[in-house]
Each structure stands twice: as C-alpha cells, then as structure tokens.
Amino acid sequence: MAEAAAPRPSSSVKLVLLGEAAVGKSSLVLRFVNNDFQENKEPTIGAAFLTQKCNLPTRTIKFEIWDTAGQERFASLAPMYYRNAQSALVVYDLTKPTSLVKAKHWVAELQRQASPGIVIALVGNKLDLTNEAGDSTNTSGEDGDADAAEGDDGDARKISTAEAKEYAEEEGLLFFETSAKLGTNVTEVFTAIANAIPETSLKGTRGPGSTQANASRSEDQSRVSLTGPRDNASKEGCAC
Amino acid sequence: MPSDSSGDPLRRTNQLNVENGASGNTIEEQRPPLPPRPSLLQTGNGPASPHSPSKSALQAKATTAISSLDIQTLSFPDGSRGTFSAPTSGSVSESLSELPEGQRTPSRNVNRNGSDLNDDASLMSIAPTLRGNGDLASFLDDELNTQSPAWRLLNSQTEAANLFEAAEFEDTSLIDFDHEFDEIEAVDSQRGNEEEVLRKWKSKLKHYLILSSAGKPIYSRHGDQNLVNGYIGIVQTIISFFEGAKDPLLGFAAGETRFVVVTEGPLYFVAISKLGESDAQLRSQLEALYMQILSTLTLPALKQLFSNRPNTDLRRPLGGTETLLSSLADTFTKGSASALLSALECLKIRKSQRYTIDSTLLKARTEKLLYGLIVAGGRLVSVIRPKRHSLHPSDLQLIFNMLFEAKSIETGGGENWIPICLPGFNSSGYLYMYVSFLASQEECEVTDGRPSTASSTSPQDKVAVLLISADKESFYELQKMRDDVVSQLEKNGSMDIIKTAVRGGRPSTTDIIPGSQLRHYLYKSRSNVQFTMPSFAPYFCSPIARRRLMSLYHNLHASAHAKHSHLKVIHCVSRDYVSLGWASPQFEFYCVAGPSTTRASLAKSANDIIQWIKREEQRVFIIGGAVF
C-alpha cells in the first residue's frame, strides 16, 4: 500500500475522560497534550476541552478530549460529554479501591447510554506510588523496583493488576496502568484507543490510504495491521 | 486598655469631616466661606482613655476653627468615635463596647447625631476655603504648630490613649504577613507537634470559618479538621446561644481581634480579623464567600440539602471548590480594591478601540449567548449583554476569582465549559460559561486554531474570552463564536491593542500628572460601578506595603460609609503618610501622599487626578457597554 506517500488522512475522534475526583484525569491529559505534570493540581471545574493529534502509520487521529470534573455534582452533565463520543477513558486510582467501584459505574453507564460502538479504556493511574513505578505493565511487572524509593510501605497499591485486568476483559475494555507523573504508558493508552477506533465510525477527511481498517488488538502494539479486515464486525474494541 | 483592630489610630487622629451636599463641580470656583453656624451636635465622648482630659477641656475650649467646619471626629482605639463641635453642651457616650453584646450595630458609630446637618456646606466650597480663610488656613496647615486648643485637645487624646501603642501595633501587626498564606501542617500526635501547629494557627491574621447551624464544619481557611473542629464547636455554641435568644450575634472583639458573624439560612460564616477592617467590610467579605457557595450549588439545592437532612455535611457537595473559597479569602486578606469598592476595573483603551471590540463581539454573537466578555489581566476589556440584564459586580468578582486567582482553569489549558450559578443574576439556576485563554501569538498553535496552553505568561497578563449561556448544550456554538471573535480581533488589530495595553500595565500617578504628590489613589465611579487606580509601583510593591495601603483605604472607606455619617471629605495625617477620602454622589475617591505633603498640595493633586479621570472617562471606564 502506498499510503506513506500521500499526506496521511486525518480524522477527529471525540474522547471523554470519566472517573472519581482526584484520580488524575487532568494529569493524564496534561501529560498527553503537553508532556507536563503538576503536583497538587487544582480540581477541574466543569470540564476542559483539549485537542491533541496522534499519528498512526496510516493516518492521523485528532483527539477532541473532554476532561470532565470528577465531583459528584457534575455527574449530571456527563451525558453531554459522552454522547457521540467514540472513545472513553475511565480512570481509577490504583491506590484507592472506591475509585475502581466508581469506574465500574461509569463503564456500566457508558455501555448503557453512550453510542454503541464506543471504545472504552480502563486506566489505573498513579503507578508511581507502587513498587513497579517506572515499569510499564506490559513490558515487565516485577522488575524489582521493590527496594527503591518509598521503603517498606512504599507500595500503596490497593488494586491488583490482575483484578482490574480481569474486570476489563470481562467487559471488553482496553486496560492500562499508568503514571501521569512519570509519563508511564500515557501515550500508549491514547495510541491504543486510536488504533481501536473502528474505521467506519471515523468522520473527517478520508484519503485513498485510509481504507485500511485499524484492527490492532493489543495495547502494546502501536502498529496498525495493514491487512486487517475492513468490515464492521472487526471493530469492537476488546483489545486485550 | 480597650482597643480594637481598626488599625492605626494615629492616622485618624486628625480627621476632618465636612458634610457635603453639593455635587462635584469645579473646585476652582471661589466661594466665600460659610458663616459659622450653631451646631446641634452633641459631643460624643469616647471612653477610650479614662484619664483623658477630653470632657472638661472640650467644654471649655470650643474654638471658632472647629465651629466653622462644624465637626471634628476623633477616633478612639476601640473603634468608636467622638464628634466634637463648637457649642459643646454635654457629652454623649457612644462606644461600641458599652452596648450590650448582640445589639452592636455592624457599622461604626460615627456622627450619629450629626447626620442631618450641614448638607449645604459643599466640598467645593471647602477647597478654596482651605486657602482663603485665614483662620482655617492656620488651623489646618500649621496644625502642629498653632496649637489651637482643639488641636491640643486632640493631641492629648492621642498621646494619652494610643500613640505608643499605635506605633507598636503598626510595626508588629504585619510582621507575620509574609507567612499568612503558608500552609499549616496537619496535627500529628505521634510527633507531638500540636503546640507548634496551634501557635502557627493562632498567628494567622485572618481566619474564615464556615459551618452549618448544626455545627458541622464546612470550610476553614487555615488548619485541618482536627485542629479546627474544637473551635467550630465553640463558635457554633456561641452563635446558637444568641440565635436562641432571638438576638442574633453580629460580632464581637477580643483584644485587637474582631469577630464578625453572618448567618445565611443554615450556614454560619465567621471572619476573624486582626487587620482592622470594619464590621461592614468583613461582612461583605463573608457575603462573597456565601456567593461562592451559591455559585457552586445554587440556592434551591442548598436549601434542599439542609431541609432533607439538617445534619448534612456540605463538604462533599462543595468538593473541589475549597481552592476557590481560599483564593477569594486570600484576595481579601491581601487587600483588594475591587472587593473593597464592590466595583470592577477596566482596561484603559481608546473609546474607538473599545467600540471596535464591542461591535466585533456583537457581530459574532450567536443566538444562545447571554453575556459575552473579553477580559485581560484581570480587567474588563469589553462586555456585551442583553438590554434587560446587567452584570453584577459580585458575580464578576466570582468569575474573576475563578479565572485569575484560583488558577484551576488556566493551568489545565484548552477551553473550559463551566456550570456556574451567578447569584446576582439568578441564584436558582446554573449558567454555562465558556472560557478560553488566548495564548500569546508565538505560543499559538496556528495549525488547528485551538489555543495551546500558554505556560510562560502569568495568568494576570492573559487575555480570556468568556461567553456565558443559559443552555448547557451550547458549547460548540460558543466555541465557534469564540473562533470568529478571535480571528476578527486579530484581523482588525484589536488583539494587539489589548495586549499592548495589558503589557503597559497601569500608569503611575506621576505618569498621569507629572509631579503629582499622590502615591496612589482609588477612584470609583458610582454610576458605572467601576473603579480605576494607578500602578502600585514604586511605593507599594511588596505584599506588606500593599496590605498597609489597603488597610488605609479600608479605614477611609469605613469612615465614609459608616451608617450614620454623611461624611464627605476625610483628611488623615499620620507619621508615614497623608491621606484623603472624598465621597460625592458621582464618585468615591481615596488617595495617599507622602507625610510631608501639605493639605493644599494634596487637594490640588487630588483635583488634578479627578479632572484627568473625568477627561479620560470614556477610556478608563466602560460606559453603558454594548447591549443587544
């Protein structure tokens, strides 16, 4: 295929971040958009709207990101943000069990109310507070940072990778553990989402090179399979 | 020694109050001095100094100098004032501290009995009088040397009552101001740091507490739960005791510290200040905190929470807005002219330039738009609004606080869509505010037209477009309007004008009037509900200097706004500065000059500035604004 020659077609993807307050939604976005991190970030008020491009081999995805506030009182506004969204990032804090409960609620609500083809990624943030800080889960989980930094009770993890991953597989979600602070896995999340978005649900310009479906199924693989089938049936984003 | 927090008594020892009924005309007009008239005033003799010679001296030694000006006000360190007038027939004690608890009026008791007098002695007649009338001139200009009996009396009062204390108060009061906004660490019983933490907590000059009438803590500016809970309980007990007696507590003093209480439905607000603000000023600060809570929750939601469960813990529904409350509180503690005057400041640009911006906004206006604003550097550049709605300063204060003080918005970058209740507009529902900070050109991402986050410029210097709608679905519509507005403003050069004006900052007084004696001033146009001021540099750059200046303005403002005073001009002399407050139906004006400034040159400088503002009125203020 000759798509590399022509300018890559670009299309917009609407993405919404949901999750309990203070799990790090805005920090993930800030890392993704500006490659920056702020300690003690002030809570988001309402929602912030940001854009960022994500370059895939065959095309460019322009994310239109709705970073919503996690506080309960804003919950009633959420439908406005996830309506028509092609993708969602449901974030929990892997040091805080209640935040996973909340995340499950969001997943259920999205599956019930959002557009049927929505690609959902479950993201456990604050990996830097655990012993595996610095390791991305899909390269190595036990690469012995255990003696680093935080000392004996350095591992603040309360939700095991296995537990969350199992849930994600049941529900057909993409799954990542990230650290917005260190940048671990952040781009990977967005890239995986970009890859998982079914071609047919993409709006925007389409060049001849964009006829490939994006059928990447694994979160650690950022390349699009050029030979993937183009039909709708291939989309549903269980990428795990 | 009874004393109160109302600031440096020194600076108020020579207050000259002149009733002014006439409106502002030209001060050059020479009018003959008014004939002395008998005054009906009683003498208010403050109880501040038990050993003061005031009563007898006063009765014996009335002077013509005083009587032709009718009133002399003397402030006592407990916050009360005495008024002295020519035919002193008796003395009436009017001290706050003698009133029973709970009956204290929130305002200062100034000139209670003199309120209806002297409306015809206009200010305009005073300025020439200062120079023209020999008697007065000698009294006013050489006050320290002439030693008129009245002056000696005032001086003796001062010395006896508070000269030393005042100096000390001034010197030590702000000593901790540098640490005022420092975080207080949590109480850690294992490390046994309670005492240290408590000491820090008590050393704060200003506290704000919000609690529910059931005694649940809602917000405290300083200190964590463990530290504050006990005090919250005490405060709740005290307040509800007076509530129970159908005699609500408004405020009380403990040493130099002033406590002011505001009750709003199920909420109690308490301000604790050592900074010498008046009760009325503290009260308006507490009202602003209440407005912030309403803007988060709306009034019906707040009522419903508490009617369902009186024991509601409001911290949860308010979650995430502590920073807004704190930044608002800190604005008050630092001293804000905008909050003091309840007015807005505008960016000074030419009338035609503002007109261009207004019409750009009007042209791009979409159907769902309620208010459209362009704001730069915390100052208003342009506003468009429907004919039947105006924008309330208190609402704009909340918005500006959110945008420019709390930093929650701009650090996120991008655009924001914020549900907000503007209580001044309508306290029962939400509006939706589209906010976009404009990056300066070099940072702007031209590729997709969306603003990138601008991290280099401070939020104070940024330009923001605010579009407010009643429809929560109108984000994309307003986003398009913003794109249209911005590209149009770039095209017609307005954006550069705005940025240049912001970068230029406020002019200093000597830029405005070369050789002006004034170091700083505030001018509020009453009809426009807007104010203007010069730059703080070079005299008031440090936070402490600025706080001192603001304390001074607070005192002038309190004197001019005391409930029963029809005070029009206040002239205060102290060791460090000379200040003037002037209230007319059109404006309020407060200014400060160096200590050696004579009264005449102070008056002249003030007049020059006021005339300059009158000339530049169309530039420094938004007059009328653009309506649709």
# chains A, B, ... in the order shown; residues from 1 in each chain; ligands from 1

call {"tool": "closest_atom_pairs", "arguments": {"of": "chain A", "to": "chain B", "cutoff": "12 Å", "atoms": "only C-alpha atoms", "output": "Markdown table"}}
result
| residue | atom | partner | partner_atom | distance |
| --- | --- | --- | --- | --- |
| A:Ser12 | CA | B:Asp448 | CA | 11.7 |
| A:Glu20 | CA | B:Gly319 | CA | 11.6 |
| A:Ala21 | CA | B:Gly320 | CA | 8.3 |
| A:Ala22 | CA | B:Gly320 | CA | 9.2 |
| A:Lys25 | CA | B:Gly412 | CA | 10.9 |
| A:Ser26 | CA | B:Gly412 | CA | 7.2 |
| A:Ser27 | CA | B:Gly412 | CA | 8.7 |
| A:Leu28 | CA | B:Gly412 | CA | 11.0 |
| A:Val29 | CA | B:Gly412 | CA | 8.8 |
| A:Leu30 | CA | B:Gly412 | CA | 7.1 |
| A:Arg31 | CA | B:Gly412 | CA | 10.8 |
| A:Val33 | CA | B:Ser452 | CA | 9.2 |
| A:Asn34 | CA | B:Thr453 | CA | 8.0 |
| A:Asn35 | CA | B:Thr453 | CA | 11.6 |
| A:Asp36 | CA | B:Ser455 | CA | 10.6 |
| A:Phe37 | CA | B:Thr411 | CA | 10.5 |
| A:Gln38 | CA | B:Thr411 | CA | 8.9 |
| A:Glu39 | CA | B:Thr411 | CA | 11.6 |
| A:Asn40 | CA | B:Ser408 | CA | 10.9 |
| A:Lys41 | CA | B:Ser408 | CA | 7.9 |
| A:Glu42 | CA | B:Ser408 | CA | 5.2 |
| A:Pro43 | CA | B:Gly320 | CA | 5.4 |
| A:Thr44 | CA | B:Ser408 | CA | 6.3 |
| A:Ile45 | CA | B:Ile418 | CA | 6.2 |
| A:Gly46 | CA | B:Ile418 | CA | 4.3 |
| A:Ala47 | CA | B:Trp417 | CA | 5.3 |
| A:Ala48 | CA | B:Asn416 | CA | 4.2 |
| A:Phe49 | CA | B:Glu415 | CA | 4.9 |
| A:Leu50 | CA | B:Gly414 | CA | 4.9 |
| A:Thr51 | CA | B:Arg450 | CA | 7.6 |
| A:Gln52 | CA | B:Ser452 | CA | 9.8 |
| A:Lys53 | CA | B:Asp448 | CA | 10.1 |
| A:Lys62 | CA | B:Asp448 | CA | 9.9 |
| A:Phe63 | CA | B:Asp448 | CA | 11.9 |
| A:Glu64 | CA | B:Gly414 | CA | 10.6 |
| A:Ile65 | CA | B:Gly414 | CA | 9.7 |
| A:Trp66 | CA | B:Asn416 | CA | 9.3 |
| A:Asp67 | CA | B:Asn416 | CA | 9.2 |
| A:Thr68 | CA | B:Trp417 | CA | 9.4 |
| A:Ala69 | CA | B:Gly320 | CA | 9.0 |
| A:Gly70 | CA | B:Gly320 | CA | 9.0 |
| A:Gln71 | CA | B:Gly319 | CA | 6.5 |
| A:Glu72 | CA | B:Pro317 | CA | 7.1 |
| A:Arg73 | CA | B:Pro317 | CA | 6.4 |
| A:Phe74 | CA | B:Pro419 | CA | 8.4 |
| A:Ala75 | CA | B:Pro317 | CA | 11.5 |
| A:Ser76 | CA | B:Pro419 | CA | 11.0 |
| A:Leu77 | CA | B:Lys472 | CA | 8.4 |
| A:Ala78 | CA | B:Lys472 | CA | 11.2 |
| A:Pro79 | CA | B:Glu473 | CA | 10.6 |
| A:Met80 | CA | B:Glu473 | CA | 7.2 |
| A:Tyr81 | CA | B:Glu473 | CA | 9.6 |
| A:Arg83 | CA | B:Glu473 | CA | 11.2 |

call {"tool": "residues_around", "arguments": {"residues": "segment 604-617 of chain B", "least_positions_apart": "2", "cutoff": "8 Å", "atoms": "only C-alpha atoms", "output": "JSON, numbers by chain"}}
result
{"B": [27, 512, 513, 516, 517, 518, 523, 591, 600, 601, 602, 619, 620, 621]}

call {"tool": "write_last_selection", "arguments": {"atoms": "C-alpha atoms", "output": "PDB file, in the first residue's frame"}}
result
ATOM      1  CA  ILE B  27     -13.083  73.073  42.617  1.00  0.00           C
ATOM      2  CA  ILE B 512      -0.719  60.854  34.801  1.00  0.00           C
ATOM      3  CA  ILE B 513       0.095  64.183  36.388  1.00  0.00           C
ATOM      4  CA  SER B 516       1.812  64.717  41.429  1.00  0.00           C
ATOM      5  CA  GLN B 517       2.151  64.354  45.162  1.00  0.00           C
ATOM      6  CA  LEU B 518      -0.103  61.347  45.237  1.00  0.00           C
ATOM      7  CA  TYR B 523     -11.425  56.322  42.114  1.00  0.00           C
ATOM      8  CA  CYS B 591      -5.683  58.845  47.857  1.00  0.00           C
ATOM      9  CA  ALA B 600      -3.183  72.399  49.786  1.00  0.00           C
ATOM     10  CA  SER B 601      -0.962  70.377  47.518  1.00  0.00           C
ATOM     11  CA  LEU B 602      -2.789  67.213  48.450  1.00  0.00           C
ATOM     12  CA  ARG B 619     -11.243  55.308  28.262  1.00  0.00           C
ATOM     13  CA  VAL B 620     -10.856  54.167  31.826  1.00  0.00           C
ATOM     14  CA  PHE B 621     -14.467  53.111  32.172  1.00  0.00           C
TER      15      PHE B 621
END

call {"tool": "residues_around", "arguments": {"residues": "Glu264 of chain B", "least_positions_apart": "4", "cutoff": "8 Å", "atoms": "only C-alpha atoms", "output": "PyMOL selection string"}}
result
chain B and resi 268-269+290

call {"tool": "write_last_selection", "arguments": {"atoms": "all heavy atoms", "output": "mmCIF file, in the first residue's frame"}}
result
data_model
loop_
_atom_site.group_PDB
_atom_site.id
_atom_site.type_symbol
_atom_site.label_atom_id
_atom_site.label_comp_id
_atom_site.auth_asym_id
_atom_site.auth_seq_id
_atom_site.Cartn_x
_atom_site.Cartn_y
_atom_site.Cartn_z
ATOM 1 N N TYR B 268 -23.447 29.334 58.905
ATOM 2 C CA TYR B 268 -22.820 30.402 59.673
ATOM 3 C C TYR B 268 -21.479 30.739 59.037
ATOM 4 O O TYR B 268 -20.698 29.842 58.723
ATOM 5 C CB TYR B 268 -22.544 29.945 61.117
ATOM 6 C CG TYR B 268 -23.777 29.696 61.950
ATOM 7 C CD1 TYR B 268 -23.724 28.781 62.999
ATOM 8 C CD2 TYR B 268 -24.955 30.378 61.717
ATOM 9 C CE1 TYR B 268 -24.844 28.538 63.791
ATOM 10 C CE2 TYR B 268 -26.076 30.137 62.502
ATOM 11 C CZ TYR B 268 -26.015 29.225 63.533
ATOM 12 O OH TYR B 268 -27.124 28.987 64.314
ATOM 13 N N PHE B 269 -21.213 32.006 58.890
ATOM 14 C CA PHE B 269 -19.926 32.470 58.375
ATOM 15 C C PHE B 269 -19.268 33.321 59.442
ATOM 16 O O PHE B 269 -19.905 34.214 59.998
ATOM 17 C CB PHE B 269 -20.116 33.318 57.114
ATOM 18 C CG PHE B 269 -20.713 32.574 55.964
ATOM 19 C CD1 PHE B 269 -22.074 32.317 55.922
ATOM 20 C CD2 PHE B 269 -19.919 32.132 54.921
ATOM 21 C CE1 PHE B 269 -22.634 31.623 54.873
ATOM 22 C CE2 PHE B 269 -20.476 31.442 53.859
ATOM 23 C CZ PHE B 269 -21.826 31.182 53.837
ATOM 24 N N TYR B 290 -20.249 33.406 50.771
ATOM 25 C CA TYR B 290 -21.574 32.799 50.619
ATOM 26 C C TYR B 290 -21.956 32.741 49.138
ATOM 27 O O TYR B 290 -22.459 31.725 48.638
ATOM 28 C CB TYR B 290 -22.590 33.599 51.429
ATOM 29 C CG TYR B 290 -24.023 33.135 51.278
ATOM 30 C CD1 TYR B 290 -24.377 31.813 51.526
ATOM 31 C CD2 TYR B 290 -25.011 34.023 50.891
ATOM 32 C CE1 TYR B 290 -25.690 31.390 51.389
ATOM 33 C CE2 TYR B 290 -26.332 33.616 50.758
ATOM 34 C CZ TYR B 290 -26.666 32.294 50.999
ATOM 35 O OH TYR B 290 -27.962 31.887 50.862
#

call {"tool": "atom_distance", "arguments": {"atom1": "atom CA of Val463 of chain B", "atom2": "atom CA of His520 of chain B"}}
result
25.8 Å

call {"tool": "residues_around", "arguments": {"residues": "Val235 of chain B", "least_positions_apart": "3", "cutoff": "10 Å", "atoms": "only C-alpha atoms", "output": "list of chain:residue names"}}
result
B:Leu209, B:Leu211, B:Gly215, B:Asn229, B:Gly230, B:Tyr231, B:Ile232, B:Ile238, B:Ile239, B:Ser240, B:Phe241, B:Val261, B:Tyr268, B:Phe269, B:Val270

call {"tool": "write_last_selection", "arguments": {"atoms": "N, CA and C atoms", "output": "PDB file, in the first residue's frame"}}
result
ATOM      1  N   LEU B 209     -14.196  31.012  58.840  1.00  0.00           N
ATOM      2  CA  LEU B 209     -14.783  29.721  59.166  1.00  0.00           C
ATOM      3  C   LEU B 209     -16.187  29.677  58.576  1.00  0.00           C
ATOM      4  N   LEU B 211     -19.530  27.100  58.826  1.00  0.00           N
ATOM      5  CA  LEU B 211     -20.066  25.906  59.459  1.00  0.00           C
ATOM      6  C   LEU B 211     -21.577  25.889  59.272  1.00  0.00           C
ATOM      7  N   GLY B 215     -23.565  22.712  63.376  1.00  0.00           N
ATOM      8  CA  GLY B 215     -22.228  22.626  63.935  1.00  0.00           C
ATOM      9  C   GLY B 215     -21.239  21.815  63.118  1.00  0.00           C
ATOM     10  N   ASN B 229     -11.852  21.643  64.511  1.00  0.00           N
ATOM     11  CA  ASN B 229     -13.140  21.136  64.985  1.00  0.00           C
ATOM     12  C   ASN B 229     -13.572  21.683  66.339  1.00  0.00           C
ATOM     13  N   GLY B 230     -12.628  21.733  67.275  1.00  0.00           N
ATOM     14  CA  GLY B 230     -12.971  22.223  68.600  1.00  0.00           C
ATOM     15  C   GLY B 230     -13.478  23.652  68.561  1.00  0.00           C
ATOM     16  N   TYR B 231     -12.793  24.471  67.767  1.00  0.00           N
ATOM     17  CA  TYR B 231     -13.198  25.875  67.677  1.00  0.00           C
ATOM     18  C   TYR B 231     -14.536  26.032  66.989  1.00  0.00           C
ATOM     19  N   ILE B 232     -14.736  25.174  65.982  1.00  0.00           N
ATOM     20  CA  ILE B 232     -16.024  25.200  65.287  1.00  0.00           C
ATOM     21  C   ILE B 232     -17.145  24.955  66.298  1.00  0.00           C
ATOM     22  N   ILE B 238     -21.698  29.499  70.675  1.00  0.00           N
ATOM     23  CA  ILE B 238     -21.900  30.932  70.931  1.00  0.00           C
ATOM     24  C   ILE B 238     -22.989  31.487  70.023  1.00  0.00           C
ATOM     25  N   ILE B 239     -22.869  31.175  68.729  1.00  0.00           N
ATOM     26  CA  ILE B 239     -23.835  31.752  67.792  1.00  0.00           C
ATOM     27  C   ILE B 239     -25.240  31.254  68.100  1.00  0.00           C
ATOM     28  N   SER B 240     -25.365  29.959  68.336  1.00  0.00           N
ATOM     29  CA  SER B 240     -26.721  29.455  68.526  1.00  0.00           C
ATOM     30  C   SER B 240     -27.310  29.915  69.862  1.00  0.00           C
ATOM     31  N   PHE B 241     -26.444  30.221  70.820  1.00  0.00           N
ATOM     32  CA  PHE B 241     -26.953  30.794  72.064  1.00  0.00           C
ATOM     33  C   PHE B 241     -27.697  32.099  71.788  1.00  0.00           C
ATOM     34  N   VAL B 261     -19.886  37.809  62.469  1.00  0.00           N
ATOM     35  CA  VAL B 261     -20.690  36.628  62.164  1.00  0.00           C
ATOM     36  C   VAL B 261     -21.777  36.988  61.160  1.00  0.00           C
ATOM     37  N   TYR B 268     -23.447  29.334  58.905  1.00  0.00           N
ATOM     38  CA  TYR B 268     -22.820  30.402  59.673  1.00  0.00           C
ATOM     39  C   TYR B 268     -21.479  30.739  59.037  1.00  0.00           C
ATOM     40  N   PHE B 269     -21.213  32.006  58.890  1.00  0.00           N
ATOM     41  CA  PHE B 269     -19.926  32.470  58.375  1.00  0.00           C
ATOM     42  C   PHE B 269     -19.268  33.321  59.442  1.00  0.00           C
ATOM     43  N   VAL B 270     -18.026  33.033  59.719  1.00  0.00           N
ATOM     44  CA  VAL B 270     -17.317  33.800  60.733  1.00  0.00           C
ATOM     45  C   VAL B 270     -16.009  34.319  60.146  1.00  0.00           C
TER      46      VAL B 270
END

call {"tool": "select_by_dssp", "arguments": {"residues": "segment 271-427 of chain B", "states": "helix (DSSP H, G or I)", "output": "ChimeraX atom specification"}}
result
/B:279-297,299-308,322-334,337-341,351-364,393-405,410-412

call {"tool": "atom_distance", "arguments": {"atom1": "atom CA of Val228 of chain B", "atom2": "atom CA of Lys200 of chain B"}}
result
12.6 Å

call {"tool": "atom_distance", "arguments": {"atom1": "atom CA of Phe259 of chain B", "atom2": "atom CA of Gln304 of chain B"}}
result
29.3 Å

call {"tool": "decode", "arguments": {"residues": "segment 18-35 of chain A", "atoms": "N, CA and C atoms", "output": "PDB file, in the first residue's frame"}}
result
ATOM      1  N   LEU A  18     -13.599   9.979  32.250  1.00  0.00           N
ATOM      2  CA  LEU A  18     -14.514   9.904  33.375  1.00  0.00           C
ATOM      3  C   LEU A  18     -13.808   9.211  34.523  1.00  0.00           C
ATOM      4  N   GLY A  19     -14.286   9.468  35.725  1.00  0.00           N
ATOM      5  CA  GLY A  19     -13.689   8.817  36.884  1.00  0.00           C
ATOM      6  C   GLY A  19     -13.855   9.676  38.118  1.00  0.00           C
ATOM      7  N   GLU A  20     -13.609   9.049  39.242  1.00  0.00           N
ATOM      8  CA  GLU A  20     -13.759   9.744  40.513  1.00  0.00           C
ATOM      9  C   GLU A  20     -12.841  10.963  40.579  1.00  0.00           C
ATOM     10  N   ALA A  21     -13.198  11.868  41.491  1.00  0.00           N
ATOM     11  CA  ALA A  21     -12.362  13.058  41.672  1.00  0.00           C
ATOM     12  C   ALA A  21     -10.961  12.648  42.113  1.00  0.00           C
ATOM     13  N   ALA A  22      -9.985  13.397  41.652  1.00  0.00           N
ATOM     14  CA  ALA A  22      -8.606  13.252  42.114  1.00  0.00           C
ATOM     15  C   ALA A  22      -7.933  11.933  41.778  1.00  0.00           C
ATOM     16  N   VAL A  23      -8.387  11.271  40.708  1.00  0.00           N
ATOM     17  CA  VAL A  23      -7.676  10.064  40.290  1.00  0.00           C
ATOM     18  C   VAL A  23      -6.579  10.401  39.276  1.00  0.00           C
ATOM     19  N   GLY A  24      -6.658  11.581  38.705  1.00  0.00           N
ATOM     20  CA  GLY A  24      -5.587  12.002  37.798  1.00  0.00           C
ATOM     21  C   GLY A  24      -6.010  12.134  36.342  1.00  0.00           C
ATOM     22  N   LYS A  25      -7.292  12.393  36.123  1.00  0.00           N
ATOM     23  CA  LYS A  25      -7.758  12.540  34.745  1.00  0.00           C
ATOM     24  C   LYS A  25      -7.059  13.706  34.045  1.00  0.00           C
ATOM     25  N   SER A  26      -7.087  14.854  34.711  1.00  0.00           N
ATOM     26  CA  SER A  26      -6.475  16.036  34.090  1.00  0.00           C
ATOM     27  C   SER A  26      -4.975  15.863  33.921  1.00  0.00           C
ATOM     28  N   SER A  27      -4.377  15.165  34.870  1.00  0.00           N
ATOM     29  CA  SER A  27      -2.937  14.956  34.774  1.00  0.00           C
ATOM     30  C   SER A  27      -2.584  14.064  33.596  1.00  0.00           C
ATOM     31  N   LEU A  28      -3.394  13.051  33.335  1.00  0.00           N
ATOM     32  CA  LEU A  28      -3.175  12.199  32.173  1.00  0.00           C
ATOM     33  C   LEU A  28      -3.251  13.021  30.892  1.00  0.00           C
ATOM     34  N   VAL A  29      -4.266  13.899  30.864  1.00  0.00           N
ATOM     35  CA  VAL A  29      -4.436  14.715  29.668  1.00  0.00           C
ATOM     36  C   VAL A  29      -3.273  15.688  29.514  1.00  0.00           C
ATOM     37  N   LEU A  30      -2.889  16.278  30.619  1.00  0.00           N
ATOM     38  CA  LEU A  30      -1.790  17.236  30.575  1.00  0.00           C
ATOM     39  C   LEU A  30      -0.510  16.555  30.095  1.00  0.00           C
ATOM     40  N   ARG A  31      -0.300  15.324  30.548  1.00  0.00           N
ATOM     41  CA  ARG A  31       0.869  14.576  30.108  1.00  0.00           C
ATOM     42  C   ARG A  31       0.762  14.273  28.620  1.00  0.00           C
ATOM     43  N   PHE A  32      -0.404  13.890  28.180  1.00  0.00           N
ATOM     44  CA  PHE A  32      -0.590  13.523  26.778  1.00  0.00           C
ATOM     45  C   PHE A  32      -0.483  14.741  25.861  1.00  0.00           C
ATOM     46  N   VAL A  33      -1.096  15.843  26.281  1.00  0.00           N
ATOM     47  CA  VAL A  33      -1.168  17.009  25.398  1.00  0.00           C
ATOM     48  C   VAL A  33       0.104  17.848  25.481  1.00  0.00           C
ATOM     49  N   ASN A  34       0.582  18.077  26.681  1.00  0.00           N
ATOM     50  CA  ASN A  34       1.728  18.978  26.854  1.00  0.00           C
ATOM     51  C   ASN A  34       2.986  18.276  27.350  1.00  0.00           C
ATOM     52  N   ASN A  35       2.905  16.987  27.564  1.00  0.00           N
ATOM     53  CA  ASN A  35       4.002  16.248  28.173  1.00  0.00           C
ATOM     54  C   ASN A  35       4.514  16.959  29.429  1.00  0.00           C
TER      55      ASN A  35
END
